Amino acid sequence: MKAIQVREFGPPEVMQIEDVPTLHAGPGQVVVRVKAAGVNPVDTYMRSGMYARKPNLPWTPGSDAGGELESVGEGVTRVSIGARVYVAGSITGTYAEQALCEEFQVRQLLDTLSFEQGAAIGIPYATAYRALFQRADAASGEWILVHGATGGVGIATVQLAHAAGMRVIGTGGTEKGRALVKEQGADHVLNHHDTNYLDQVQALTGDHGVDVILEMLANVNLDRDFSVLAARGRVVIIGSRGRIEIAPRDIMSRDATVKGMLLTNATKEELSSIHASLQAGFQDGTLVPIVNRQIPLADAPQAHHEVMKPGAYGKIVLKP
Ligand SMILES: NC(=O)c1ccc[n+]([C@@H]2O[C@H](COP(=O)([O-])OP(=O)(O)OC[C@H]3O[C@@H](n4cnc5c(N)ncnc54)[C@H](OP(=O)(O)O)[C@@H]3O)[C@@H](O)[C@H]2O)c1
C-alpha cells in the first residue's frame, strides 16, 4: 500500500509517498482502508522535529481519517468489517491507504457524513469539546469568545457552543472565514487583524465581557484577552506558537482562571464521553464538519504549507 513517509525531520518536502507493506490487525486492533485523512497543525510541528513529541523515523503522519474497516483482530467486538468509521488516533498514521488502530480509536461514521467529513472530526471536535466542557466548564447562557474561529477547532467550537445555548463571538482573519463562522452559529464575528477589535466586545456583551475564551494563538492574544474577560472568567489555551508577557494582576483582579489543554492528556474514559456527545451532535445535525479542500495524498507537502497559511476555512483533507 502507499503511505507518506518521513525519513528525516524538516520542511514539508521531507514527506514522500512510498510503497510500504500492507497492515495486519493484531489482537484488539483494526485496519482501516483510509478514504480521507485529516490534516492538523500538530502534524506539521511533529514533521519539523521541533515538537516535544518526536516520533520514531520513518514515520507516517496523521491521526484523523474517514474510511472503512478492512480487517479486525482477535477480541474486537464493537466494530465489524465493512463498517464506515472515523479514526481518532492511529498506531501507524493516517496519511496512507491503510491505518492500523486500536479498537477504541475508531467510531461509527454516520451515513449522513462523508468520509472527508469523517476525517475532520478526531482532533478538531474532540479538542473543541474538551476545551469547552471539560476544561472551561462553559454553561448555556454564557458569553464565549472563540479566538480563532475559522479553522478546524474553531468551527467545531462555534457549533458546539451554539448548540449548547451559549452566546458566541468568533474571530477570523478574512471576510469569507467570518461569514462561515456566522453561518455556523456565532452571534457576532470580529476580525482579529483589525486594530482594537476587542474594544467591541464590551458593547456586544452589554458591558459584561466574555465568560470563556477559547484561545487558538495565546502567544499573540493572551495579554489582551484579560481586557475582555468577565469576573470569574476562564481562558483555555488551545494553541500557542511562542512566548508572551502577561500581567498576573489581570488574572487576580477578576478571580479569573487560565487553563491549558492538550487533547493527548485526555483519558480513555474522557475520550469515550467526548465521542458519545459528539455522536449525538452528528445525529441530530447540530454538528456538521466543514471540509474546505481535498488534496491528493502524494501532495501532502502542499497540504502542510496550506494548513499553516492565514485565511483558514474549515478543514483540509488528503485523499489517498
Ligand atoms: N491543545 C490541543 O490539544 C490542540 C488540539 C488541536 C489544535 N491545537 C492548536 O490549536 C490551533 C488551532 O488549530 P486548528 O486545527 O483550528 O488550526 P487551523 O485550522 O489551521 O486554524 C488556525 C486558526 O487560527 C486563527 N488565527 C490566526 N491568527 C490569529 C490571531 N491573531 N488570533 C486568533 N486566531 C488567529 C486562524 O484564523 P484566520 O486564518 O482566519 O486568520 C484560524 O482560525 C493550532 O495552533 C493547533 O496547533 C491544539
# chains A, B, ... in the order shown; residues from 1 in each chain; ligands from 1
$ residues_around --residues "Tyr86 of chain A" --least-positions-apart "3" --cutoff "6 Å" --atoms "only C-alpha atoms" --output "PyMOL selection string"
chain A and resi 65-66+106-107+109+118
$ residues_near_ligand --ligand "ligand 1" --cutoff "6 Å" --atoms "only C-alpha atoms and all ligand atoms" --output "PyMOL selection string"
chain A and resi 40-42+123-124+127+147-154+172-174+177+192+216-217+238-240+261-263+307-308+310-312
$ residues_around --residues "segment 28-36 of chain A" --least-positions-apart "2" --cutoff "8 Å" --atoms "only C-alpha atoms" --output "PyMOL selection string"
chain A and resi 23-26+38+65-76+94+96-103+115-116+118-119+317-320
$ write_last_selection --atoms "N, CA and C atoms" --output "JSON list (two decimals), in the first residue's frame"
[["chain", "number", "residue", "atom", "x", "y", "z"],
["A", 23, "LEU", "N", -0.92, -3.74, 6.04],
["A", 23, "LEU", "CA", -1.03, -3.86, 7.50],
["A", 23, "LEU", "C", -1.93, -5.02, 7.89],
["A", 24, "HIS", "N", -1.65, -5.59, 9.06],
["A", 24, "HIS", "CA", -2.48, -6.68, 9.60],
["A", 24, "HIS", "C", -2.85, -6.35, 11.04],
["A", 25, "ALA", "N", -4.09, -6.64, 11.39],
["A", 25, "ALA", "CA", -4.58, -6.29, 12.73],
["A", 25, "ALA", "C", -4.18, -7.35, 13.74],
["A", 26, "GLY", "N", -3.55, -6.93, 14.82],
["A", 26, "GLY", "CA", -3.25, -7.82, 15.95],
["A", 26, "GLY", "C", -4.45, -7.84, 16.89],
["A", 38, "GLY", "N", -7.34, 13.58, 7.75],
["A", 38, "GLY", "CA", -7.38, 14.96, 8.22],
["A", 38, "GLY", "C", -5.98, 15.52, 8.41],
["A", 65, "ALA", "N", -8.97, 10.30, 10.29],
["A", 65, "ALA", "CA", -9.34, 9.78, 8.96],
["A", 65, "ALA", "C", -10.81, 9.41, 8.93],
["A", 66, "GLY", "N", -11.33, 9.28, 7.72],
["A", 66, "GLY", "CA", -12.62, 8.64, 7.48],
["A", 66, "GLY", "C", -12.34, 7.46, 6.57],
["A", 67, "GLY", "N", -12.99, 6.33, 6.83],
["A", 67, "GLY", "CA", -12.71, 5.16, 5.99],
["A", 67, "GLY", "C", -13.61, 3.99, 6.32],
["A", 68, "GLU", "N", -13.18, 2.82, 5.83],
["A", 68, "GLU", "CA", -13.95, 1.59, 6.04],
["A", 68, "GLU", "C", -13.08, 0.55, 6.72],
["A", 69, "LEU", "N", -13.70, -0.25, 7.59],
["A", 69, "LEU", "CA", -12.94, -1.29, 8.30],
["A", 69, "LEU", "C", -12.62, -2.43, 7.34],
["A", 70, "GLU", "N", -11.33, -2.69, 7.20],
["A", 70, "GLU", "CA", -10.90, -3.71, 6.25],
["A", 70, "GLU", "C", -10.68, -5.05, 6.95],
["A", 71, "SER", "N", -10.13, -5.01, 8.15],
["A", 71, "SER", "CA", -9.96, -6.25, 8.91],
["A", 71, "SER", "C", -9.94, -5.93, 10.40],
["A", 72, "VAL", "N", -10.31, -6.93, 11.19],
["A", 72, "VAL", "CA", -10.31, -6.74, 12.64],
["A", 72, "VAL", "C", -9.54, -7.87, 13.29],
["A", 73, "GLY", "N", -8.85, -7.56, 14.39],
["A", 73, "GLY", "CA", -8.07, -8.57, 15.10],
["A", 73, "GLY", "C", -8.92, -9.31, 16.12],
["A", 74, "GLU", "N", -8.27, -10.29, 16.72],
["A", 74, "GLU", "CA", -8.92, -11.11, 17.74],
["A", 74, "GLU", "C", -9.43, -10.22, 18.88],
["A", 75, "GLY", "N", -10.64, -10.53, 19.36],
["A", 75, "GLY", "CA", -11.18, -9.83, 20.53],
["A", 75, "GLY", "C", -11.86, -8.52, 20.22],
["A", 76, "VAL", "N", -11.90, -8.12, 18.94],
["A", 76, "VAL", "CA", -12.59, -6.87, 18.59],
["A", 76, "VAL", "C", -14.08, -7.17, 18.49],
["A", 94, "THR", "N", -2.29, 8.10, 9.57],
["A", 94, "THR", "CA", -3.41, 8.07, 8.62],
["A", 94, "THR", "C", -3.08, 8.64, 7.24],
["A", 96, "ALA", "N", -2.06, 7.62, 4.58],
["A", 96, "ALA", "CA", -1.74, 6.33, 3.95],
["A", 96, "ALA", "C", -3.03, 5.72, 3.42],
["A", 97, "GLU", "N", -2.87, 4.66, 2.63],
["A", 97, "GLU", "CA", -4.07, 3.96, 2.14],
["A", 97, "GLU", "C", -4.69, 3.10, 3.23],
["A", 98, "GLN", "N", -3.86, 2.67, 4.19],
["A", 98, "GLN", "CA", -4.36, 1.87, 5.32],
["A", 98, "GLN", "C", -3.82, 2.46, 6.62],
["A", 99, "ALA", "N", -4.62, 2.31, 7.69],
["A", 99, "ALA", "CA", -4.15, 2.75, 9.01],
["A", 99, "ALA", "C", -4.48, 1.67, 10.03],
["A", 100, "LEU", "N", -3.51, 1.35, 10.86],
["A", 100, "LEU", "CA", -3.72, 0.40, 11.95],
["A", 100, "LEU", "C", -4.11, 1.18, 13.20],
["A", 101, "CYS", "N", -5.20, 0.73, 13.85],
["A", 101, "CYS", "CA", -5.71, 1.46, 15.02],
["A", 101, "CYS", "C", -6.07, 0.48, 16.13],
["A", 102, "GLU", "N", -6.08, 0.99, 17.36],
["A", 102, "GLU", "CA", -6.70, 0.26, 18.47],
["A", 102, "GLU", "C", -8.21, 0.37, 18.25],
["A", 103, "GLU", "N", -8.94, -0.63, 18.74],
["A", 103, "GLU", "CA", -10.39, -0.63, 18.53],
["A", 103, "GLU", "C", -11.03, 0.68, 19.02],
["A", 115, "PHE", "N", -16.84, 10.57, 3.99],
["A", 115, "PHE", "CA", -15.53, 10.16, 4.54],
["A", 115, "PHE", "C", -14.66, 11.38, 4.82],
["A", 116, "GLU", "N", -14.78, 12.39, 3.95],
["A", 116, "GLU", "CA", -13.99, 13.62, 4.14],
["A", 116, "GLU", "C", -14.41, 14.30, 5.45],
["A", 118, "GLY", "N", -15.65, 12.74, 7.94],
["A", 118, "GLY", "CA", -15.13, 11.85, 8.98],
["A", 118, "GLY", "C", -13.69, 12.16, 9.34],
["A", 119, "ALA", "N", -12.93, 12.60, 8.32],
["A", 119, "ALA", "CA", -11.52, 12.93, 8.54],
["A", 119, "ALA", "C", -11.35, 14.26, 9.28],
["A", 317, "VAL", "N", -8.24, 18.08, 3.86],
["A", 317, "VAL", "CA", -8.06, 16.63, 3.98],
["A", 317, "VAL", "C", -7.24, 16.11, 2.80],
["A", 318, "LEU", "N", -6.58, 14.97, 3.04],
["A", 318, "LEU", "CA", -5.78, 14.32, 2.00],
["A", 318, "LEU", "C", -6.56, 13.12, 1.45],
["A", 319, "LYS", "N", -6.47, 12.90, 0.14],
["A", 319, "LYS", "CA", -7.19, 11.80, -0.50],
["A", 319, "LYS", "C", -6.22, 10.76, -1.04],
["A", 320, "PRO", "N", -6.17, 9.57, -0.42],
["A", 320, "PRO", "CA", -5.30, 8.51, -0.94],
["A", 320, "PRO", "C", -5.75, 8.08, -2.34]]
$ residues_around --residues "Met15 of chain A" --least-positions-apart "6" --cutoff "7 Å" --atoms "only C-alpha atoms" --output "MDAnalysis selection string"
chainID A and resid 4:6 300:301
$ residues_around --residues "segment 210-215 of chain A" --least-positions-apart "6" --cutoff "9 Å" --atoms "only C-alpha atoms" --output "PyMOL selection string"
chain A and resi 128+131-132+136-138+142-148+154+157+169+201-202+221-222+225+228-240
$ select_by_dssp --residues "segment 18-255 of chain A" --states "strand (DSSP E or B)" --output "ChimeraX atom specification"
/A:18-19,29-38,59,64-72,84-88,96,98-102,106-108,143-147,167-172,188-191,210-215,229-237
$ select_by_dssp --residues "segment 121-310 of chain A" --states "alpha helix (DSSP H)" --output "JSON, numbers by chain"
{"A": [122, 123, 124, 125, 126, 127, 128, 129, 152, 153, 154, 155, 156, 157, 158, 159, 160, 161, 162, 163, 175, 176, 177, 178, 179, 180, 181, 182, 183, 199, 200, 201, 202, 203, 204, 218, 219, 220, 221, 222, 223, 224, 225, 248, 249, 250, 251, 252, 268, 269, 270, 271, 272, 273, 274, 275, 276, 277, 278, 279, 280, 281, 282, 283, 284, 300, 301, 302, 303, 304, 305, 306, 307]}
$ closest_residue --among "A:Gly242, A:Tyr95, A:Thr22, A:Met166" --to "Asp43 of chain A" --atoms "only C-alpha atoms"
A:Tyr95
$ closest_residue --among "A:Ala161, A:Met50, A:Glu8, A:Asp64" --to "Gly281 of chain A" --atoms "only C-alpha atoms"
A:Ala161
$ closest_residue --among "A:Glu245, A:Asp199, A:Leu297, A:Ile155" --to "Lys182 of chain A" --atoms "only C-alpha atoms"
A:Ile155
$ atom_distance --atom1 "atom CA of Ser90 of chain A" --atom2 "atom CA of Ala163 of chain A"
29.3 Å
$ closest_residue --among "A:Arg178, A:Arg47, A:Arg254, A:Arg249" --to "Pro11 of chain A" --atoms "only C-alpha atoms"
A:Arg47
$ closest_residue --among "A:Gln134, A:Asn292, A:Gln302, A:Thr257" --to "Gln16 of chain A" --atoms "only C-alpha atoms"
A:Gln302
$ atom_distance --atom1 "atom CA of Thr264 of chain A" --atom2 "atom CA of Ser48 of chain A"
19.1 Å
$ closest_residue --among "A:Ala3, A:Val189, A:Leu113, A:Val87" --to "Lys176 of chain A" --atoms "only C-alpha atoms"
A:Val189
$ residues_around --residues "Trp59 of chain A" --least-positions-apart "2" --cutoff "8 Å" --atoms "only C-alpha atoms" --output "PyMOL selection string"
chain A and resi 5-7+55-57+61+92-93
$ write_last_selection --atoms "N, CA, C and O atoms" --output "JSON list (two decimals), in the first residue's frame"
[["chain", "number", "residue", "atom", "x", "y", "z"],
["A", 5, "GLN", "N", 5.88, 8.85, 3.98],
["A", 5, "GLN", "CA", 6.97, 8.50, 4.90],
["A", 5, "GLN", "C", 7.82, 9.75, 5.17],
["A", 5, "GLN", "O", 8.18, 10.48, 4.24],
["A", 6, "VAL", "N", 8.13, 9.93, 6.44],
["A", 6, "VAL", "CA", 9.08, 10.97, 6.84],
["A", 6, "VAL", "C", 10.33, 10.23, 7.31],
["A", 6, "VAL", "O", 10.26, 9.45, 8.27],
["A", 7, "ARG", "N", 11.43, 10.41, 6.59],
["A", 7, "ARG", "CA", 12.67, 9.69, 6.94],
["A", 7, "ARG", "C", 13.64, 10.59, 7.68],
["A", 7, "ARG", "O", 14.61, 10.14, 8.28],
["A", 55, "PRO", "N", 8.35, 11.49, 16.98],
["A", 55, "PRO", "CA", 8.10, 10.09, 16.62],
["A", 55, "PRO", "C", 9.37, 9.41, 16.14],
["A", 55, "PRO", "O", 10.31, 10.07, 15.70],
["A", 56, "ASN", "N", 9.39, 8.08, 16.24],
["A", 56, "ASN", "CA", 10.50, 7.31, 15.66],
["A", 56, "ASN", "C", 10.38, 7.36, 14.15],
["A", 56, "ASN", "O", 9.29, 7.32, 13.60],
["A", 57, "LEU", "N", 11.50, 7.45, 13.46],
["A", 57, "LEU", "CA", 11.52, 7.50, 11.99],
["A", 57, "LEU", "C", 11.86, 6.12, 11.42],
["A", 57, "LEU", "O", 12.59, 5.38, 12.07],
["A", 61, "PRO", "N", 2.71, 10.51, 9.17],
["A", 61, "PRO", "CA", 1.92, 11.43, 9.99],
["A", 61, "PRO", "C", 0.42, 11.12, 9.95],
["A", 61, "PRO", "O", -0.03, 10.33, 9.12],
["A", 92, "THR", "N", -0.25, 3.58, 13.30],
["A", 92, "THR", "CA", 0.70, 3.69, 12.18],
["A", 92, "THR", "C", 0.60, 5.00, 11.41],
["A", 92, "THR", "O", 1.44, 5.25, 10.54],
["A", 93, "GLY", "N", -0.42, 5.84, 11.66],
["A", 93, "GLY", "CA", -0.57, 7.11, 10.94],
["A", 93, "GLY", "C", -1.59, 7.00, 9.83],
["A", 93, "GLY", "O", -1.73, 5.95, 9.19]]
